[in-house]
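Source file: work.cif (mmCIF, C-alpha atoms)
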data_protein
#
loop_
_atom_site.group_PDB
_atom_site.id
_atom_site.type_symbol
_atom_site.label_atom_id
_atom_site.label_comp_id
_atom_site.auth_asym_id
_atom_site.auth_seq_id
_atom_site.Cartn_x
_atom_site.Cartn_y
_atom_site.Cartn_z
ATOM 1 C CA MET K 1 -31.152 -3.749 -5.142
ATOM 2 C CA SER K 2 -29.336 -3.108 -8.439
ATOM 3 C CA GLU K 3 -26.005 -4.664 -9.375
ATOM 4 C CA ASP K 4 -24.311 -1.307 -8.844
ATOM 5 C CA ASP K 5 -25.860 -1.050 -5.381
ATOM 6 C CA ARG K 6 -24.616 -4.548 -4.533
ATOM 7 C CA ASP K 7 -21.126 -3.600 -5.758
ATOM 8 C CA GLU K 8 -21.142 -0.453 -3.665
ATOM 9 C CA ALA K 9 -22.420 -2.367 -0.629
ATOM 10 C CA ILE K 10 -19.563 -4.867 -0.760
ATOM 11 C CA ALA K 11 -17.018 -2.070 -1.278
ATOM 12 C CA ALA K 12 -18.421 -0.132 1.671
ATOM 13 C CA ARG K 13 -18.337 -3.185 3.929
ATOM 14 C CA ALA K 14 -14.770 -4.002 2.877
ATOM 15 C CA ARG K 15 -13.775 -0.386 3.548
ATOM 16 C CA ARG K 16 -15.234 -0.544 7.056
ATOM 17 C CA GLU K 17 -13.526 -3.853 7.743
ATOM 18 C CA LEU K 18 -10.160 -2.573 6.509
ATOM 19 C CA ASP K 19 -10.528 0.553 8.651
ATOM 20 C CA ARG K 20 -11.344 -1.605 11.668
ATOM 21 C CA GLN K 21 -8.256 -3.713 11.073
ATOM 22 C CA LEU K 22 -6.135 -0.553 11.011
ATOM 23 C CA GLU K 23 -7.411 0.399 14.450
ATOM 24 C CA SER K 24 -6.201 -2.922 15.815
ATOM 25 C CA LEU K 25 -2.701 -2.597 14.400
ATOM 26 C CA ASP K 26 -0.242 -3.632 17.099
ATOM 27 C CA ASP K 27 1.918 -1.105 18.942
ATOM 28 C CA ALA K 28 5.193 -2.535 17.633
ATOM 29 C CA THR K 29 4.097 -1.969 14.037
ATOM 30 C CA ARG K 30 2.894 1.553 14.834
ATOM 31 C CA VAL K 31 6.264 2.363 16.385
ATOM 32 C CA ARG K 32 8.139 0.980 13.383
ATOM 33 C CA LEU K 33 5.948 2.941 10.992
ATOM 34 C CA ARG K 34 6.683 6.110 12.936
ATOM 35 C CA ALA K 35 10.404 5.310 12.782
ATOM 36 C CA ALA K 36 10.114 4.783 9.008
ATOM 37 C CA ARG K 37 8.395 8.153 8.675
ATOM 38 C CA LEU K 38 11.119 9.889 10.690
ATOM 39 C CA ARG K 39 13.825 8.281 8.541
ATOM 40 C CA ALA K 40 12.047 9.542 5.431
ATOM 41 C CA LEU K 41 11.954 13.038 6.926
ATOM 42 C CA ASP K 42 15.663 12.781 7.750
ATOM 43 C CA ALA K 43 16.253 11.909 4.110
ATOM 44 C CA TYR K 44 14.138 14.930 3.154
ATOM 45 C CA ASP K 45 16.320 17.182 5.336
ATOM 46 C CA ALA K 46 19.481 15.736 3.816
ATOM 47 C CA ARG K 47 18.394 15.939 0.164
ATOM 48 C CA PRO K 48 20.447 18.087 -2.217
ATOM 49 C CA ALA K 49 19.325 21.736 -2.209
ATOM 50 C CA TRP K 50 18.655 21.753 -5.943
ATOM 51 C CA ARG K 51 15.783 19.317 -5.496
ATOM 52 C CA GLU K 52 13.803 21.970 -3.621
ATOM 53 C CA SER K 53 13.619 24.132 -6.728
ATOM 54 C CA ASN K 54 12.873 21.160 -8.993
ATOM 55 C CA GLN K 55 15.754 22.384 -11.143
ATOM 56 C CA VAL K 56 18.240 19.842 -12.354
ATOM 57 C CA PRO K 57 21.759 21.205 -11.840
ATOM 58 C CA ALA K 58 23.567 22.187 -14.984
ATOM 59 C CA ALA K 59 26.006 19.606 -16.274
ATOM 60 C CA GLN K 60 29.613 20.425 -15.563
ATOM 61 C CA PRO K 61 31.908 20.669 -18.589
ATOM 62 C CA VAL K 62 34.131 17.652 -18.888
ATOM 63 C CA ARG K 63 37.831 18.423 -19.064
ATOM 64 C CA LEU K 64 39.934 16.185 -21.222
ATOM 65 C CA ASP K 65 42.410 15.644 -18.393
ATOM 66 C CA MET K 66 39.587 14.112 -16.327
ATOM 67 C CA LEU K 67 38.936 11.399 -18.864
ATOM 68 C CA MET E 1 9.869 24.172 7.432
ATOM 69 C CA GLU E 2 6.191 24.448 6.579
ATOM 70 C CA ARG E 3 6.650 22.010 3.688
ATOM 71 C CA ARG E 4 8.389 19.539 5.996
ATOM 72 C CA ALA E 5 5.472 19.682 8.439
ATOM 73 C CA GLU E 6 3.049 19.190 5.557
ATOM 74 C CA LEU E 7 5.043 16.199 4.372
ATOM 75 C CA GLU E 8 5.100 14.680 7.851
ATOM 76 C CA GLN E 9 1.347 15.120 8.138
ATOM 77 C CA PHE E 10 0.807 13.422 4.784
ATOM 78 C CA LEU E 11 3.073 10.494 5.646
ATOM 79 C CA ALA E 12 1.491 10.075 9.086
ATOM 80 C CA GLY E 13 -1.930 10.003 7.457
ATOM 81 C CA VAL E 14 -1.077 7.416 4.846
ATOM 82 C CA GLU E 15 1.417 5.127 6.593
ATOM 83 C CA ARG E 16 -0.953 2.623 8.203
ATOM 84 C CA ARG E 17 -3.025 2.082 5.073
ATOM 85 C CA ALA E 18 0.186 1.824 3.059
ATOM 86 C CA PHE E 19 1.473 -0.801 5.472
ATOM 87 C CA ARG E 20 -1.765 -2.757 5.207
ATOM 88 C CA MET E 21 -1.629 -2.683 1.402
ATOM 89 C CA ALA E 22 1.975 -3.878 1.452
ATOM 90 C CA TRP E 23 1.132 -6.537 4.014
ATOM 91 C CA LEU E 24 -1.771 -7.839 1.941
ATOM 92 C CA ALA E 25 0.707 -8.378 -0.895
ATOM 93 C CA THR E 26 3.619 -9.766 1.124
ATOM 94 C CA ARG E 27 1.966 -11.341 4.199
ATOM 95 C CA ASP E 28 5.190 -10.429 5.986
ATOM 96 C CA ARG E 29 5.446 -7.520 8.426
ATOM 97 C CA ASP E 30 9.146 -6.842 7.896
ATOM 98 C CA GLU E 31 8.873 -6.936 4.125
ATOM 99 C CA ALA E 32 5.802 -4.683 4.227
ATOM 100 C CA LEU E 33 7.539 -2.176 6.509
ATOM 101 C CA ASP E 34 10.561 -2.113 4.193
ATOM 102 C CA LEU E 35 8.345 -1.380 1.188
ATOM 103 C CA VAL E 36 6.580 1.456 3.015
ATOM 104 C CA GLN E 37 9.896 2.876 4.211
ATOM 105 C CA ASP E 38 11.281 2.833 0.651
ATOM 106 C CA ALA E 39 8.190 4.528 -0.739
ATOM 107 C CA MET E 40 8.213 7.210 1.959
ATOM 108 C CA THR E 41 11.894 7.959 1.432
ATOM 109 C CA ALA E 42 11.522 8.120 -2.354
ATOM 110 C CA LEU E 43 8.611 10.545 -2.050
ATOM 111 C CA ALA E 44 10.454 12.695 0.499
ATOM 112 C CA THR E 45 13.688 12.928 -1.460
ATOM 113 C CA ARG E 46 12.396 13.112 -5.032
ATOM 114 C CA TYR E 47 8.909 14.563 -5.045
ATOM 115 C CA ALA E 48 8.480 16.665 -1.899
ATOM 116 C CA GLY E 49 8.900 19.791 -4.039
ATOM 117 C CA ARG E 50 5.754 18.935 -5.998
ATOM 118 C CA PRO E 51 2.385 20.405 -4.931
ATOM 119 C CA ALA E 52 1.007 18.480 -1.957
ATOM 120 C CA ALA E 53 -2.132 17.614 -3.931
ATOM 121 C CA GLU E 54 0.048 15.451 -6.188
ATOM 122 C CA TRP E 55 1.528 13.453 -3.308
ATOM 123 C CA PRO E 56 -1.200 10.786 -2.894
ATOM 124 C CA PRO E 57 -1.050 9.407 -6.463
ATOM 125 C CA LEU E 58 2.739 9.834 -6.533
ATOM 126 C CA PHE E 59 3.200 8.022 -3.242
ATOM 127 C CA HIS E 60 0.935 5.184 -4.288
ATOM 128 C CA ARG E 61 2.627 4.926 -7.658
ATOM 129 C CA ILE E 62 5.966 4.445 -5.872
ATOM 130 C CA LEU E 63 4.483 2.023 -3.346
ATOM 131 C CA GLN E 64 2.659 -0.030 -5.963
ATOM 132 C CA ASN E 65 5.837 -0.223 -8.046
ATOM 133 C CA ARG E 66 7.714 -1.488 -4.998
ATOM 134 C CA ILE E 67 4.990 -4.039 -4.290
ATOM 135 C CA ARG E 68 4.973 -5.214 -7.892
ATOM 136 C CA ASP E 69 8.775 -5.557 -7.920
ATOM 137 C CA TRP E 70 8.612 -7.458 -4.639
ATOM 138 C CA SER E 71 5.900 -9.769 -6.010
ATOM 139 C CA ARG E 72 7.984 -10.562 -9.073
ATOM 140 C CA ARG E 73 11.057 -11.327 -6.986
ATOM 141 C CA HIS E 74 8.972 -13.408 -4.606
ATOM 142 C CA ALA E 75 7.387 -15.389 -7.451
ATOM 143 C CA LEU E 76 10.828 -16.083 -8.850
ATOM 144 C CA ARG E 77 12.148 -17.181 -5.436
ATOM 145 C CA THR E 78 9.101 -19.409 -4.915
ATOM 146 C CA ARG E 79 9.617 -21.082 -8.293
ATOM 147 C CA LEU E 80 13.294 -21.562 -7.531
ATOM 148 C CA ARG E 81 12.534 -23.079 -4.126
ATOM 149 C CA ALA E 82 9.929 -25.365 -5.641
ATOM 150 C CA TRP E 83 12.469 -26.405 -8.212
ATOM 151 C CA LEU E 84 15.026 -27.052 -5.466
ATOM 152 C CA GLY E 85 12.399 -28.832 -3.366
ATOM 153 C CA ARG E 86 12.573 -26.390 -0.435
ATOM 154 C CA SER E 87 10.070 -24.203 1.372
ATOM 155 C CA ASP E 88 10.650 -21.721 4.212
ATOM 156 C CA ASP E 89 7.140 -20.327 4.363
ATOM 157 C CA ASP E 90 6.094 -20.635 7.992
ATOM 158 C CA GLY E 91 2.689 -19.067 7.320
ATOM 159 C CA THR E 92 3.274 -16.285 9.861
ATOM 160 C CA ASP E 93 0.356 -13.886 9.971
ATOM 161 C CA ALA E 94 1.259 -10.450 11.358
ATOM 162 C CA ILE E 95 -2.385 -9.583 11.977
ATOM 163 C CA ASP E 96 -3.071 -12.719 14.004
ATOM 164 C CA GLY E 97 -3.587 -12.304 17.701
ATOM 165 C CA LEU E 98 -3.986 -8.532 17.661
ATOM 166 C CA PRO E 99 -5.926 -6.982 20.533
ATOM 167 C CA ASP E 100 -9.400 -5.673 19.809
ATOM 168 C CA ALA E 101 -9.219 -1.935 20.465
ATOM 169 C CA GLU E 102 -12.969 -1.646 20.956
ATOM 170 C CA GLY E 103 -13.292 -4.308 23.648
ATOM 171 C CA ALA E 104 -15.885 -6.369 21.791
ATOM 172 C CA SER E 105 -17.643 -9.352 23.352
ATOM 173 C CA PRO E 106 -16.315 -12.822 22.439
ATOM 174 C CA ALA E 107 -19.256 -13.389 20.059
ATOM 175 C CA GLU E 108 -18.732 -10.017 18.365
ATOM 176 C CA HIS E 109 -15.027 -10.622 18.336
ATOM 177 C CA ALA E 110 -15.463 -13.999 16.661
ATOM 178 C CA GLU E 111 -17.839 -12.527 14.102
ATOM 179 C CA ARG E 112 -15.467 -9.652 13.322
ATOM 180 C CA GLU E 113 -12.529 -12.009 13.287
ATOM 181 C CA GLY E 114 -14.401 -14.153 10.785
ATOM 182 C CA ALA E 115 -15.264 -11.142 8.625
ATOM 183 C CA GLY E 116 -11.660 -9.946 8.733
ATOM 184 C CA ARG E 117 -10.255 -13.326 7.815
ATOM 185 C CA ALA E 118 -12.775 -13.771 5.035
ATOM 186 C CA LEU E 119 -11.847 -10.374 3.618
ATOM 187 C CA ASP E 120 -8.120 -11.106 3.941
ATOM 188 C CA ALA E 121 -8.568 -14.396 2.117
ATOM 189 C CA ALA E 122 -10.711 -12.814 -0.580
ATOM 190 C CA LEU E 123 -8.246 -9.974 -1.140
ATOM 191 C CA ALA E 124 -5.318 -12.389 -1.148
ATOM 192 C CA ALA E 125 -7.046 -14.451 -3.826
ATOM 193 C CA LEU E 126 -7.311 -11.447 -6.169
ATOM 194 C CA PRO E 127 -4.666 -10.962 -8.843
ATOM 195 C CA LEU E 128 -2.237 -8.180 -7.820
ATOM 196 C CA ARG E 129 -3.590 -5.595 -10.281
ATOM 197 C CA GLN E 130 -7.189 -6.165 -9.222
ATOM 198 C CA ARG E 131 -6.239 -5.883 -5.555
ATOM 199 C CA GLN E 132 -4.341 -2.656 -6.244
ATOM 200 C CA ALA E 133 -7.257 -1.150 -8.163
ATOM 201 C CA PHE E 134 -9.728 -2.107 -5.444
ATOM 202 C CA LEU E 135 -7.645 -0.825 -2.526
ATOM 203 C CA LEU E 136 -6.680 2.433 -4.223
ATOM 204 C CA ARG E 137 -10.205 3.205 -5.419
ATOM 205 C CA ALA E 138 -12.390 1.841 -2.635
ATOM 206 C CA TRP E 139 -10.136 2.355 0.376
ATOM 207 C CA GLU E 140 -7.592 5.033 -0.426
ATOM 208 C CA GLY E 141 -10.240 7.086 -2.198
ATOM 209 C CA LEU E 142 -8.231 7.868 -5.340
ATOM 210 C CA ASP E 143 -10.300 8.654 -8.423
ATOM 211 C CA VAL E 144 -9.936 6.715 -11.669
ATOM 212 C CA ALA E 145 -7.308 9.082 -13.130
ATOM 213 C CA GLU E 146 -5.216 9.085 -9.926
ATOM 214 C CA THR E 147 -5.459 5.307 -9.661
ATOM 215 C CA ALA E 148 -4.376 4.976 -13.293
ATOM 216 C CA HIS E 149 -1.361 7.191 -12.523
ATOM 217 C CA ALA E 150 -0.498 5.146 -9.438
ATOM 218 C CA MET E 151 -0.849 1.849 -11.311
ATOM 219 C CA ARG E 152 0.809 3.116 -14.487
ATOM 220 C CA CYS E 153 -2.051 1.989 -16.700
ATOM 221 C CA SER E 154 -4.980 3.538 -18.559
ATOM 222 C CA PRO E 155 -8.196 4.677 -16.842
ATOM 223 C CA GLY E 156 -10.002 1.982 -18.815
ATOM 224 C CA SER E 157 -7.753 -0.696 -17.316
ATOM 225 C CA VAL E 158 -8.432 0.654 -13.831
ATOM 226 C CA LYS E 159 -12.181 0.364 -14.410
ATOM 227 C CA THR E 160 -11.783 -3.187 -15.687
ATOM 228 C CA HIS E 161 -9.541 -4.277 -12.784
ATOM 229 C CA TYR E 162 -11.857 -2.637 -10.268
ATOM 230 C CA PHE E 163 -14.992 -4.183 -11.763
ATOM 231 C CA ARG E 164 -13.448 -7.658 -11.777
ATOM 232 C CA ALA E 165 -12.184 -7.187 -8.216
ATOM 233 C CA ILE E 166 -15.620 -6.181 -6.952
ATOM 234 C CA ARG E 167 -17.352 -9.063 -8.704
ATOM 235 C CA SER E 168 -14.761 -11.498 -7.382
ATOM 236 C CA LEU E 169 -15.146 -10.158 -3.831
ATOM 237 C CA ARG E 170 -18.907 -10.409 -4.137
ATOM 238 C CA ALA E 171 -18.613 -14.000 -5.290
ATOM 239 C CA GLN E 172 -16.235 -14.887 -2.450
ATOM 240 C CA LEU E 173 -17.767 -12.869 0.366
ATOM 241 C CA GLY E 174 -21.425 -12.992 -0.601
ATOM 242 C CA GLU E 175 -22.216 -15.913 1.664
ATOM 243 C CA GLU E 176 -19.912 -14.858 4.512
ATOM 244 C CA TRP E 177 -21.159 -11.291 4.643
ATOM 245 C CA ARG E 178 -24.872 -11.782 4.006
#

Take the structure in the file and give it back as structure tokens.
Amino acid sequence: MSEDDRDEAIAARARRELDRQLESLDDATRVRLRAARLRALDAYDARPAWRESNQVPAAQPVRLDML
Amino acid sequence: MERRAELEQFLAGVERRAFRMAWLATRDRDEALDLVQDAMTALATRYAGRPAAEWPPLFHRILQNRIRDWSRRHALRTRLRAWLGRSDDDGTDAIDGLPDAEGASPAEHAEREGAGRALDAALAALPLRQRQAFLLRAWEGLDVAETAHAMRCSPGSVKTHYFRAIRSLRAQLGEEWR
């Protein structure tokens, strides 16, 4: 087995182990992750409309009486 | 609406791995959840208008930045506590005591438990940048260019970090996993 093959073997085993650990994530953490996702989507819904177009809004002229 | 659904699907697909990456860095469930929440919100509010194909490296760039910032703050707090002669680390492990979803036998369970702990310890022993490179390349499946974008470094640095991570994991896990 070459060095590269040994490297790939350890990476593949680590990947499988990490995937297995994900499957055993506890319910409380899953629920909190879902809540975090929903909060992010709420923030997406509430974002300023100009972000959708990727256009930065034009700067407003500054009036001297505002300074 | 379609974009929102696409975003939700992306976040749902990445959230558990993101949590695990954050947990490996923080070893604290609440801190890890906060980091994932921050990264999700930043992606949703700032970059959701970008093509969906750009989301994975963007999301991981945000998350890895958050993790790095957290690590710096934590290192500073640890030094301060050491200087003040205090410690509040109770060694809580969020992954301890989790049920085995596959209903393995006690012997299998013990073997898997051992493999999981060995991997956790080996990953925890890696420097942050090596751990990031390994997890993003080997687990998240990002290519070298995407990983470089997420880690804000050159592709050459990614290759170096990844190579060192692999060799370190081999050295640490070689006996355990043979």

Practice prompt. Return the single residue from E:Ala124, E:Ile62, E:Val36, E:Leu76 that is closest to His149 of chain E, with distances computed using all atoms listed in the file.
Written response: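 Using all atoms listed in the file, the shortest distance to His149 of chain E belongs to E:Ile62.
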
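Proximity to chain E at a cut-off of 6 Å picks out K:Arg15, K:Ser24, K:Ala36, K:Ala40, K:Tyr44, K:Arg47, K:Glu52 on chain K, counting only C-alpha atoms.
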
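Nearest to Val158 of chain E of all the residues E:Trp23, E:Arg129, E:Ala171, E:Phe59 is E:Arg129, based on all atoms listed in the file.
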
Worksheet entry | Computed interatomic separation between atom CA of Trp70 of chain E and atom CA of Glu31 of chain E (Å) | 8.8 Å

Item to complete: Take atom CA of His60 of chain E and atom CA of Lys159 of chain E and report the distance between them in Å, one decimal.
Response: 17.3 Å

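For the pair atom CA of Leu126 of chain E and atom CA of Asp26 of chain K, the interatomic distance is 25.5 Å.
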
Could I see segment 20-40 of chain K restored to N, CA, C and O atoms, set down as a PDB file, in the frame of the given file?
ATOM      1  N   ARG K  20     -11.341  -0.985  10.330  1.00  0.00           N
ATOM      2  CA  ARG K  20     -11.344  -1.605  11.668  1.00  0.00           C
ATOM      3  C   ARG K  20     -10.031  -2.325  11.930  1.00  0.00           C
ATOM      4  O   ARG K  20      -9.474  -2.247  13.022  1.00  0.00           O
ATOM      5  N   GLN K  21      -9.523  -3.005  10.903  1.00  0.00           N
ATOM      6  CA  GLN K  21      -8.256  -3.713  11.073  1.00  0.00           C
ATOM      7  C   GLN K  21      -7.112  -2.740  11.365  1.00  0.00           C
ATOM      8  O   GLN K  21      -6.197  -3.046  12.110  1.00  0.00           O
ATOM      9  N   LEU K  22      -7.188  -1.544  10.753  1.00  0.00           N
ATOM     10  CA  LEU K  22      -6.135  -0.553  11.011  1.00  0.00           C
ATOM     11  C   LEU K  22      -6.119  -0.140  12.468  1.00  0.00           C
ATOM     12  O   LEU K  22      -5.063   0.081  13.058  1.00  0.00           O
ATOM     13  N   GLU K  23      -7.327  -0.013  13.050  1.00  0.00           N
ATOM     14  CA  GLU K  23      -7.411   0.399  14.450  1.00  0.00           C
ATOM     15  C   GLU K  23      -6.770  -0.624  15.376  1.00  0.00           C
ATOM     16  O   GLU K  23      -6.331  -0.291  16.466  1.00  0.00           O
ATOM     17  N   SER K  24      -6.755  -1.887  14.941  1.00  0.00           N
ATOM     18  CA  SER K  24      -6.201  -2.922  15.815  1.00  0.00           C
ATOM     19  C   SER K  24      -4.751  -3.265  15.452  1.00  0.00           C
ATOM     20  O   SER K  24      -4.248  -4.309  15.859  1.00  0.00           O
ATOM     21  N   LEU K  25      -4.120  -2.376  14.713  1.00  0.00           N
ATOM     22  CA  LEU K  25      -2.701  -2.597  14.400  1.00  0.00           C
ATOM     23  C   LEU K  25      -1.893  -2.589  15.701  1.00  0.00           C
ATOM     24  O   LEU K  25      -2.131  -1.743  16.560  1.00  0.00           O
ATOM     25  N   ASP K  26      -0.966  -3.514  15.831  1.00  0.00           N
ATOM     26  CA  ASP K  26      -0.242  -3.632  17.099  1.00  0.00           C
ATOM     27  C   ASP K  26       0.730  -2.473  17.300  1.00  0.00           C
ATOM     28  O   ASP K  26       1.165  -1.818  16.354  1.00  0.00           O
ATOM     29  N   ASP K  27       1.067  -2.246  18.587  1.00  0.00           N
ATOM     30  CA  ASP K  27       1.918  -1.105  18.942  1.00  0.00           C
ATOM     31  C   ASP K  27       3.290  -1.181  18.286  1.00  0.00           C
ATOM     32  O   ASP K  27       3.838  -0.162  17.865  1.00  0.00           O
ATOM     33  N   ALA K  28       3.842  -2.395  18.205  1.00  0.00           N
ATOM     34  CA  ALA K  28       5.193  -2.535  17.633  1.00  0.00           C
ATOM     35  C   ALA K  28       5.204  -2.068  16.181  1.00  0.00           C
ATOM     36  O   ALA K  28       6.139  -1.369  15.742  1.00  0.00           O
ATOM     37  N   THR K  29       4.164  -2.399  15.443  1.00  0.00           N
ATOM     38  CA  THR K  29       4.097  -1.969  14.037  1.00  0.00           C
ATOM     39  C   THR K  29       3.912  -0.460  13.944  1.00  0.00           C
ATOM     40  O   THR K  29       4.526   0.205  13.108  1.00  0.00           O
ATOM     41  N   ARG K  30       3.083   0.093  14.830  1.00  0.00           N
ATOM     42  CA  ARG K  30       2.894   1.553  14.834  1.00  0.00           C
ATOM     43  C   ARG K  30       4.215   2.261  15.090  1.00  0.00           C
ATOM     44  O   ARG K  30       4.531   3.264  14.454  1.00  0.00           O
ATOM     45  N   VAL K  31       4.982   1.741  16.053  1.00  0.00           N
ATOM     46  CA  VAL K  31       6.264   2.363  16.385  1.00  0.00           C
ATOM     47  C   VAL K  31       7.214   2.286  15.188  1.00  0.00           C
ATOM     48  O   VAL K  31       7.905   3.259  14.850  1.00  0.00           O
ATOM     49  N   ARG K  32       7.232   1.134  14.527  1.00  0.00           N
ATOM     50  CA  ARG K  32       8.139   0.980  13.383  1.00  0.00           C
ATOM     51  C   ARG K  32       7.709   1.847  12.204  1.00  0.00           C
ATOM     52  O   ARG K  32       8.535   2.345  11.445  1.00  0.00           O
ATOM     53  N   LEU K  33       6.416   2.040  12.060  1.00  0.00           N
ATOM     54  CA  LEU K  33       5.948   2.941  10.992  1.00  0.00           C
ATOM     55  C   LEU K  33       6.361   4.384  11.293  1.00  0.00           C
ATOM     56  O   LEU K  33       6.764   5.130  10.396  1.00  0.00           O
ATOM     57  N   ARG K  34       6.274   4.754  12.563  1.00  0.00           N
ATOM     58  CA  ARG K  34       6.683   6.110  12.936  1.00  0.00           C
ATOM     59  C   ARG K  34       8.177   6.294  12.681  1.00  0.00           C
ATOM     60  O   ARG K  34       8.616   7.330  12.173  1.00  0.00           O
ATOM     61  N   ALA K  35       8.957   5.251  13.018  1.00  0.00           N
ATOM     62  CA  ALA K  35      10.404   5.310  12.782  1.00  0.00           C
ATOM     63  C   ALA K  35      10.691   5.436  11.279  1.00  0.00           C
ATOM     64  O   ALA K  35      11.578   6.190  10.857  1.00  0.00           O
ATOM     65  N   ALA K  36       9.927   4.711  10.466  1.00  0.00           N
ATOM     66  CA  ALA K  36      10.114   4.783   9.008  1.00  0.00           C
ATOM     67  C   ALA K  36       9.812   6.193   8.514  1.00  0.00           C
ATOM     68  O   ALA K  36      10.516   6.739   7.666  1.00  0.00           O
ATOM     69  N   ARG K  37       8.755   6.791   9.075  1.00  0.00           N
ATOM     70  CA  ARG K  37       8.395   8.153   8.675  1.00  0.00           C
ATOM     71  C   ARG K  37       9.503   9.139   9.050  1.00  0.00           C
ATOM     72  O   ARG K  37       9.882  10.006   8.270  1.00  0.00           O
ATOM     73  N   LEU K  38      10.056   8.977  10.251  1.00  0.00           N
ATOM     74  CA  LEU K  38      11.119   9.889  10.690  1.00  0.00           C
ATOM     75  C   LEU K  38      12.375   9.733   9.836  1.00  0.00           C
ATOM     76  O   LEU K  38      13.053  10.712   9.527  1.00  0.00           O
ATOM     77  N   ARG K  39      12.657   8.488   9.423  1.00  0.00           N
ATOM     78  CA  ARG K  39      13.825   8.281   8.541  1.00  0.00           C
ATOM     79  C   ARG K  39      13.589   8.951   7.186  1.00  0.00           C
ATOM     80  O   ARG K  39      14.501   9.525   6.601  1.00  0.00           O
ATOM     81  N   ALA K  40      12.361   8.875   6.701  1.00  0.00           N
ATOM     82  CA  ALA K  40      12.047   9.542   5.431  1.00  0.00           C
ATOM     83  C   ALA K  40      12.211  11.050   5.565  1.00  0.00           C
ATOM     84  O   ALA K  40      12.716  11.718   4.656  1.00  0.00           O
TER      85      ALA K  40
END
